[in-house]
There are 2 protein chains.
Amino acid sequence: MTPAEELAALQAVCGALAHPARRQILLIVHFRGGAMTAGEIAARFDCAWPTTTRHLRVLVAAGLLALERRGRERRYALVAERLDALERWLAWFHRAI
Amino acid sequence: MTPAEELAALQAVCGALAHPARRQILLIVHFRGGAMTAGEIAARFDCAWPTTTRHLRVLVAAGLLALERRGRERRYALVAERLDALERWLAWFHRAI
DNA sequence: ATAATATTTAGCGAATCTGCTAATCGTCTC
DNA sequence: GAGACGATTAGCAGATTCGCTAAATATTAT
């Protein structure tokens with residue numbers, strides 16, 4: 001990953017994590033085995049389904065979820081390694097000055 | 001820290017980190033010894049000073065910077081421990097399901 | 001084919017964010 | 001005190017975000 005790619009990944013991840021619903025989606029998918037359909041995810045939120053769909057799109061764009069079509073369902077799978085960009089950024093603050 | 005406080009801290013931190021300029025400010029302050037004046041920080045950005053002032057305000061509101069007035073200067077000091085809220089959140093993804 | 005199911009896209013309105021310039025405030029110096 | 005300095009506040013314009021409802025798409029079942 002080039003520095004520019006790393007920076008872009010960091011920006012995408014940080015932007016995606018800025019909304020509580022999107023953080024919640026990642027946690028839910030993680031604790032339900034790493035993958036869920038759009039319907040299963042949407043059922044766990046109070047907001048309308050299209051709203052959740054858009055959150056899912058943001059997470060896919062950030063590389064945090066991978067989309068797989070299975071029949072008329074769409075499975076969203078967590079890509080937890082994508083969070084590493086943020087962990088590497090946070091690690092700077094553990095380094096000595 | 002109560003669960004509600006932890007959640008609020010996480011939201012504030014994630015929101016603050018969403019903008020690249022604010023992430024940059026935190027890094028700069030860290031690597032310049034942990035504290036800098038508003039002017040020193042603003043001088044390192046292309047945007048107008050008031051714009052930087054607002055970013056600083058967001059970071060203070062998130063608890064990531066602490067403000068100290070010294071004469072006509074204002075010193076912003078990094079509160080790196082505040083990033084822990086985010087690290088604890090990220091740690092969930094390292095736990096087994 | 002038709003209907004039902006799973007999900008997304010389109011598009012609107014309110015709220016928030018981000019940049020700017022101009023004006024203001026408190027402090028230091030002469 | 002008068003002005004210079006360090007920094008913030010006020011207020012505006014454009015862009016983005018986020019929720020919604022309604023309409024469309026694609027797949028499965030009858």
# chains A, B, ... in the order shown; residues from 1 in each chain; ligands from 1
call {"tool": "closest_atom_pairs", "arguments": {"of": "chain C", "to": "chain B", "cutoff": "9 Å", "atoms": "only C-alpha atoms (C1' of nucleotides)", "output": "tab-separated table"}}
result
residue	atom	partner	partner_atom	distance
C:DT18	C1'	B:Thr51	CA	7.9
C:DG19	C1'	B:Thr51	CA	6.9
C:DC20	C1'	B:Ala48	CA	7.7
C:DG26	C1'	B:Arg72	CA	6.8
C:DT27	C1'	B:Arg72	CA	5.0
C:DC28	C1'	B:Arg72	CA	7.9
call {"tool": "interface_residues", "arguments": {"of": "chain A", "to": "chain B", "cutoff": "6 Å", "atoms": "only C-alpha atoms", "output": "ChimeraX atom specification"}}
result
/A:14-15,18,31,97
call {"tool": "write_last_selection", "arguments": {"atoms": "N, CA and C atoms", "output": "mmCIF file, in the first residue's frame"}}
result
data_model
loop_
_atom_site.group_PDB
_atom_site.id
_atom_site.type_symbol
_atom_site.label_atom_id
_atom_site.label_comp_id
_atom_site.auth_asym_id
_atom_site.auth_seq_id
_atom_site.Cartn_x
_atom_site.Cartn_y
_atom_site.Cartn_z
ATOM 1 N N CYS A 14 -12.174 6.562 8.561
ATOM 2 C CA CYS A 14 -12.575 7.549 9.570
ATOM 3 C C CYS A 14 -13.928 8.157 9.227
ATOM 4 N N GLY A 15 -14.147 8.445 7.954
ATOM 5 C CA GLY A 15 -15.437 8.982 7.545
ATOM 6 C C GLY A 15 -16.556 7.994 7.817
ATOM 7 N N ALA A 18 -17.653 7.705 11.473
ATOM 8 C CA ALA A 18 -18.143 8.921 12.121
ATOM 9 C C ALA A 18 -19.605 8.795 12.531
ATOM 10 N N PHE A 31 -20.230 -9.689 15.518
ATOM 11 C CA PHE A 31 -20.680 -10.612 16.562
ATOM 12 C C PHE A 31 -21.738 -11.594 16.073
ATOM 13 N N ILE A 97 8.221 10.693 21.255
ATOM 14 C CA ILE A 97 8.392 11.873 20.404
ATOM 15 C C ILE A 97 9.816 11.864 19.881
#
call {"tool": "closest_atom_pairs", "arguments": {"of": "chain D", "to": "chain A", "cutoff": "9 Å", "atoms": "only C-alpha atoms (C1' of nucleotides)", "output": "CSV"}}
result
residue,atom,partner,partner_atom,distance
D:DC18,C1',A:Thr51,CA,7.8
D:DG19,C1',A:Thr51,CA,7.0
D:DC20,C1',A:Ala48,CA,7.6
D:DA26,C1',A:Arg72,CA,6.7
D:DT27,C1',A:Arg72,CA,4.8
D:DT28,C1',A:Arg72,CA,7.7
call {"tool": "write_last_selection", "arguments": {"atoms": "N, CA and C atoms (P, O5', C5', C4', C3', O3' and C1' of nucleotides)", "output": "CSV table (one decimal), in the first residue's frame"}}
result
chain,number,residue,atom,x,y,z
D,18,DC,P,-24.1,10.9,7.5
D,18,DC,O5',-25.7,11.1,7.7
D,18,DC,C5',-26.1,12.1,8.7
D,18,DC,C4',-27.7,12.0,8.7
D,18,DC,C3',-28.2,10.6,8.5
D,18,DC,O3',-29.2,10.4,9.5
D,18,DC,C1',-29.1,12.0,6.9
D,19,DG,P,-29.6,8.8,9.8
D,19,DG,O5',-31.1,8.7,9.5
D,19,DG,C5',-32.0,9.4,10.3
D,19,DG,C4',-33.2,10.0,9.5
D,19,DG,C3',-34.0,9.0,8.7
D,19,DG,O3',-35.0,8.4,9.5
D,19,DG,C1',-33.6,10.9,7.4
D,20,DC,P,-35.9,7.2,9.0
D,20,DC,O5',-36.9,7.9,7.9
D,20,DC,C5',-37.8,9.0,8.3
D,20,DC,C4',-38.4,9.6,7.1
D,20,DC,C3',-39.2,8.6,6.2
D,20,DC,O3',-40.5,8.5,6.6
D,20,DC,C1',-37.8,10.1,4.9
D,26,DA,P,-32.4,-5.1,-13.2
D,26,DA,O5',-32.4,-6.3,-12.2
D,26,DA,C5',-31.6,-6.2,-11.0
D,26,DA,C4',-32.0,-7.4,-10.1
D,26,DA,C3',-32.1,-8.7,-10.9
D,26,DA,O3',-31.4,-9.7,-10.1
D,26,DA,C1',-34.0,-8.4,-9.5
D,27,DT,P,-31.0,-11.1,-10.8
D,27,DT,O5',-31.8,-12.2,-10.0
D,27,DT,C5',-31.5,-12.2,-8.6
D,27,DT,C4',-32.7,-12.8,-7.8
D,27,DT,C3',-33.0,-14.2,-8.3
D,27,DT,O3',-32.9,-15.1,-7.1
D,27,DT,C1',-35.0,-12.9,-8.0
D,28,DT,P,-32.8,-16.7,-7.3
D,28,DT,O5',-34.3,-17.1,-6.7
D,28,DT,C5',-34.6,-16.9,-5.4
D,28,DT,C4',-36.1,-17.0,-5.2
D,28,DT,C3',-36.7,-18.4,-5.5
D,28,DT,O3',-37.2,-18.9,-4.3
D,28,DT,C1',-38.0,-16.6,-6.4
call {"tool": "select_by_dssp", "arguments": {"residues": "chain B", "states": "strand (DSSP E or B)", "output": "VMD selection string"}}
result
chain B and resid 35 to 37 65 to 70 73 to 78
call {"tool": "residues_around", "arguments": {"residues": "Ile41 of chain B", "least_positions_apart": "2", "cutoff": "10 Å", "atoms": "only C-alpha atoms (C1' of nucleotides)", "output": "PyMOL selection string"}}
result
chain B and resi 24-26+28-29+35-39+43-45+49+52-53+56+75-76
call {"tool": "decode", "arguments": {"residues": "segment 12-55 of chain B", "atoms": "N, CA and C atoms", "output": "PDB file, in the first residue's frame"}}
result
ATOM      1  N   ALA B  12     -17.736  11.522  20.126  1.00  0.00           N
ATOM      2  CA  ALA B  12     -17.006  12.783  19.995  1.00  0.00           C
ATOM      3  C   ALA B  12     -15.666  12.560  19.305  1.00  0.00           C
ATOM      4  N   VAL B  13     -14.979  11.515  19.701  1.00  0.00           N
ATOM      5  CA  VAL B  13     -13.656  11.244  19.118  1.00  0.00           C
ATOM      6  C   VAL B  13     -13.781  10.885  17.642  1.00  0.00           C
ATOM      7  N   CYS B  14     -14.719  10.003  17.319  1.00  0.00           N
ATOM      8  CA  CYS B  14     -14.880   9.598  15.917  1.00  0.00           C
ATOM      9  C   CYS B  14     -15.272  10.788  15.052  1.00  0.00           C
ATOM     10  N   GLY B  15     -16.153  11.616  15.557  1.00  0.00           N
ATOM     11  CA  GLY B  15     -16.534  12.802  14.801  1.00  0.00           C
ATOM     12  C   GLY B  15     -15.356  13.724  14.579  1.00  0.00           C
ATOM     13  N   ALA B  16     -14.554  13.887  15.606  1.00  0.00           N
ATOM     14  CA  ALA B  16     -13.406  14.782  15.502  1.00  0.00           C
ATOM     15  C   ALA B  16     -12.377  14.257  14.509  1.00  0.00           C
ATOM     16  N   LEU B  17     -12.211  12.947  14.468  1.00  0.00           N
ATOM     17  CA  LEU B  17     -11.187  12.363  13.593  1.00  0.00           C
ATOM     18  C   LEU B  17     -11.636  12.273  12.138  1.00  0.00           C
ATOM     19  N   ALA B  18     -12.895  12.624  11.877  1.00  0.00           N
ATOM     20  CA  ALA B  18     -13.416  12.455  10.528  1.00  0.00           C
ATOM     21  C   ALA B  18     -12.776  13.419   9.532  1.00  0.00           C
ATOM     22  N   HIS B  19     -12.269  14.541  10.028  1.00  0.00           N
ATOM     23  CA  HIS B  19     -11.682  15.523   9.106  1.00  0.00           C
ATOM     24  C   HIS B  19     -10.157  15.414   9.106  1.00  0.00           C
ATOM     25  N   PRO B  20      -9.576  15.346   7.893  1.00  0.00           N
ATOM     26  CA  PRO B  20      -8.118  15.163   7.795  1.00  0.00           C
ATOM     27  C   PRO B  20      -7.329  16.263   8.499  1.00  0.00           C
ATOM     28  N   ALA B  21      -7.800  17.484   8.457  1.00  0.00           N
ATOM     29  CA  ALA B  21      -7.076  18.574   9.110  1.00  0.00           C
ATOM     30  C   ALA B  21      -6.997  18.332  10.609  1.00  0.00           C
ATOM     31  N   ARG B  22      -8.072  17.811  11.183  1.00  0.00           N
ATOM     32  CA  ARG B  22      -8.062  17.583  12.628  1.00  0.00           C
ATOM     33  C   ARG B  22      -7.131  16.422  12.991  1.00  0.00           C
ATOM     34  N   ARG B  23      -7.106  15.392  12.165  1.00  0.00           N
ATOM     35  CA  ARG B  23      -6.144  14.308  12.436  1.00  0.00           C
ATOM     36  C   ARG B  23      -4.733  14.849  12.337  1.00  0.00           C
ATOM     37  N   GLN B  24      -4.512  15.699  11.348  1.00  0.00           N
ATOM     38  CA  GLN B  24      -3.183  16.276  11.156  1.00  0.00           C
ATOM     39  C   GLN B  24      -2.781  17.130  12.351  1.00  0.00           C
ATOM     40  N   ILE B  25      -3.707  17.905  12.860  1.00  0.00           N
ATOM     41  CA  ILE B  25      -3.412  18.747  14.026  1.00  0.00           C
ATOM     42  C   ILE B  25      -2.936  17.885  15.190  1.00  0.00           C
ATOM     43  N   LEU B  26      -3.643  16.794  15.442  1.00  0.00           N
ATOM     44  CA  LEU B  26      -3.265  15.934  16.570  1.00  0.00           C
ATOM     45  C   LEU B  26      -1.855  15.379  16.374  1.00  0.00           C
ATOM     46  N   LEU B  27      -1.555  14.947  15.155  1.00  0.00           N
ATOM     47  CA  LEU B  27      -0.225  14.396  14.884  1.00  0.00           C
ATOM     48  C   LEU B  27       0.853  15.461  15.080  1.00  0.00           C
ATOM     49  N   ILE B  28       0.597  16.639  14.540  1.00  0.00           N
ATOM     50  CA  ILE B  28       1.582  17.719  14.629  1.00  0.00           C
ATOM     51  C   ILE B  28       1.861  18.070  16.080  1.00  0.00           C
ATOM     52  N   VAL B  29       0.797  18.226  16.847  1.00  0.00           N
ATOM     53  CA  VAL B  29       0.978  18.584  18.258  1.00  0.00           C
ATOM     54  C   VAL B  29       1.760  17.477  18.975  1.00  0.00           C
ATOM     55  N   HIS B  30       1.411  16.243  18.675  1.00  0.00           N
ATOM     56  CA  HIS B  30       2.112  15.129  19.314  1.00  0.00           C
ATOM     57  C   HIS B  30       3.607  15.189  19.031  1.00  0.00           C
ATOM     58  N   PHE B  31       3.958  15.366  17.765  1.00  0.00           N
ATOM     59  CA  PHE B  31       5.378  15.298  17.385  1.00  0.00           C
ATOM     60  C   PHE B  31       6.128  16.587  17.669  1.00  0.00           C
ATOM     61  N   ARG B  32       5.416  17.622  18.065  1.00  0.00           N
ATOM     62  CA  ARG B  32       6.094  18.850  18.476  1.00  0.00           C
ATOM     63  C   ARG B  32       6.127  18.953  19.987  1.00  0.00           C
ATOM     64  N   GLY B  33       5.957  17.850  20.674  1.00  0.00           N
ATOM     65  CA  GLY B  33       6.139  17.844  22.113  1.00  0.00           C
ATOM     66  C   GLY B  33       4.873  17.808  22.926  1.00  0.00           C
ATOM     67  N   GLY B  34       3.711  17.754  22.270  1.00  0.00           N
ATOM     68  CA  GLY B  34       2.484  17.585  23.014  1.00  0.00           C
ATOM     69  C   GLY B  34       1.693  18.852  23.248  1.00  0.00           C
ATOM     70  N   ALA B  35       2.263  20.003  22.926  1.00  0.00           N
ATOM     71  CA  ALA B  35       1.510  21.250  23.094  1.00  0.00           C
ATOM     72  C   ALA B  35       2.044  22.316  22.145  1.00  0.00           C
ATOM     73  N   MET B  36       1.128  23.092  21.595  1.00  0.00           N
ATOM     74  CA  MET B  36       1.505  24.182  20.685  1.00  0.00           C
ATOM     75  C   MET B  36       0.492  25.312  20.827  1.00  0.00           C
ATOM     76  N   THR B  37       0.912  26.515  20.436  1.00  0.00           N
ATOM     77  CA  THR B  37      -0.035  27.635  20.442  1.00  0.00           C
ATOM     78  C   THR B  37      -0.879  27.574  19.177  1.00  0.00           C
ATOM     79  N   ALA B  38      -2.002  28.279  19.237  1.00  0.00           N
ATOM     80  CA  ALA B  38      -2.899  28.324  18.083  1.00  0.00           C
ATOM     81  C   ALA B  38      -2.158  28.831  16.847  1.00  0.00           C
ATOM     82  N   GLY B  39      -1.327  29.835  17.039  1.00  0.00           N
ATOM     83  CA  GLY B  39      -0.599  30.419  15.914  1.00  0.00           C
ATOM     84  C   GLY B  39       0.366  29.437  15.276  1.00  0.00           C
ATOM     85  N   GLU B  40       1.075  28.683  16.114  1.00  0.00           N
ATOM     86  CA  GLU B  40       2.007  27.686  15.582  1.00  0.00           C
ATOM     87  C   GLU B  40       1.266  26.639  14.768  1.00  0.00           C
ATOM     88  N   ILE B  41       0.113  26.253  15.261  1.00  0.00           N
ATOM     89  CA  ILE B  41      -0.679  25.252  14.542  1.00  0.00           C
ATOM     90  C   ILE B  41      -1.222  25.838  13.244  1.00  0.00           C
ATOM     91  N   ALA B  42      -1.824  27.018  13.346  1.00  0.00           N
ATOM     92  CA  ALA B  42      -2.449  27.630  12.177  1.00  0.00           C
ATOM     93  C   ALA B  42      -1.426  27.872  11.070  1.00  0.00           C
ATOM     94  N   ALA B  43      -0.175  28.190  11.470  1.00  0.00           N
ATOM     95  CA  ALA B  43       0.858  28.475  10.481  1.00  0.00           C
ATOM     96  C   ALA B  43       1.163  27.263   9.605  1.00  0.00           C
ATOM     97  N   ARG B  44       0.826  26.086  10.088  1.00  0.00           N
ATOM     98  CA  ARG B  44       1.151  24.869   9.331  1.00  0.00           C
ATOM     99  C   ARG B  44       0.032  24.438   8.413  1.00  0.00           C
ATOM    100  N   PHE B  45      -1.012  25.231   8.316  1.00  0.00           N
ATOM    101  CA  PHE B  45      -2.123  24.863   7.430  1.00  0.00           C
ATOM    102  C   PHE B  45      -2.366  25.943   6.395  1.00  0.00           C
ATOM    103  N   ASP B  46      -2.860  25.504   5.248  1.00  0.00           N
ATOM    104  CA  ASP B  46      -3.136  26.425   4.164  1.00  0.00           C
ATOM    105  C   ASP B  46      -4.414  27.217   4.407  1.00  0.00           C
ATOM    106  N   CYS B  47      -5.328  26.635   5.136  1.00  0.00           N
ATOM    107  CA  CYS B  47      -6.605  27.315   5.307  1.00  0.00           C
ATOM    108  C   CYS B  47      -6.457  28.522   6.227  1.00  0.00           C
ATOM    109  N   ALA B  48      -7.463  29.387   6.206  1.00  0.00           N
ATOM    110  CA  ALA B  48      -7.438  30.619   7.000  1.00  0.00           C
ATOM    111  C   ALA B  48      -7.452  30.285   8.493  1.00  0.00           C
ATOM    112  N   TRP B  49      -6.885  31.170   9.268  1.00  0.00           N
ATOM    113  CA  TRP B  49      -6.765  30.926  10.701  1.00  0.00           C
ATOM    114  C   TRP B  49      -8.103  30.608  11.379  1.00  0.00           C
ATOM    115  N   PRO B  50      -9.154  31.384  11.094  1.00  0.00           N
ATOM    116  CA  PRO B  50     -10.443  31.072  11.730  1.00  0.00           C
ATOM    117  C   PRO B  50     -10.916  29.645  11.445  1.00  0.00           C
ATOM    118  N   THR B  51     -10.583  29.151  10.292  1.00  0.00           N
ATOM    119  CA  THR B  51     -10.964  27.771   9.982  1.00  0.00           C
ATOM    120  C   THR B  51     -10.238  26.812  10.925  1.00  0.00           C
ATOM    121  N   THR B  52      -8.960  27.061  11.119  1.00  0.00           N
ATOM    122  CA  THR B  52      -8.203  26.222  12.050  1.00  0.00           C
ATOM    123  C   THR B  52      -8.743  26.368  13.466  1.00  0.00           C
ATOM    124  N   THR B  53      -9.086  27.594  13.840  1.00  0.00           N
ATOM    125  CA  THR B  53      -9.668  27.816  15.165  1.00  0.00           C
ATOM    126  C   THR B  53     -10.864  26.909  15.386  1.00  0.00           C
ATOM    127  N   ARG B  54     -11.706  26.812  14.365  1.00  0.00           N
ATOM    128  CA  ARG B  54     -12.886  25.975  14.537  1.00  0.00           C
ATOM    129  C   ARG B  54     -12.510  24.500  14.670  1.00  0.00           C
ATOM    130  N   HIS B  55     -11.539  24.056  13.899  1.00  0.00           N
ATOM    131  CA  HIS B  55     -11.088  22.669  14.053  1.00  0.00           C
ATOM    132  C   HIS B  55     -10.571  22.445  15.479  1.00  0.00           C
TER     133      HIS B  55
END
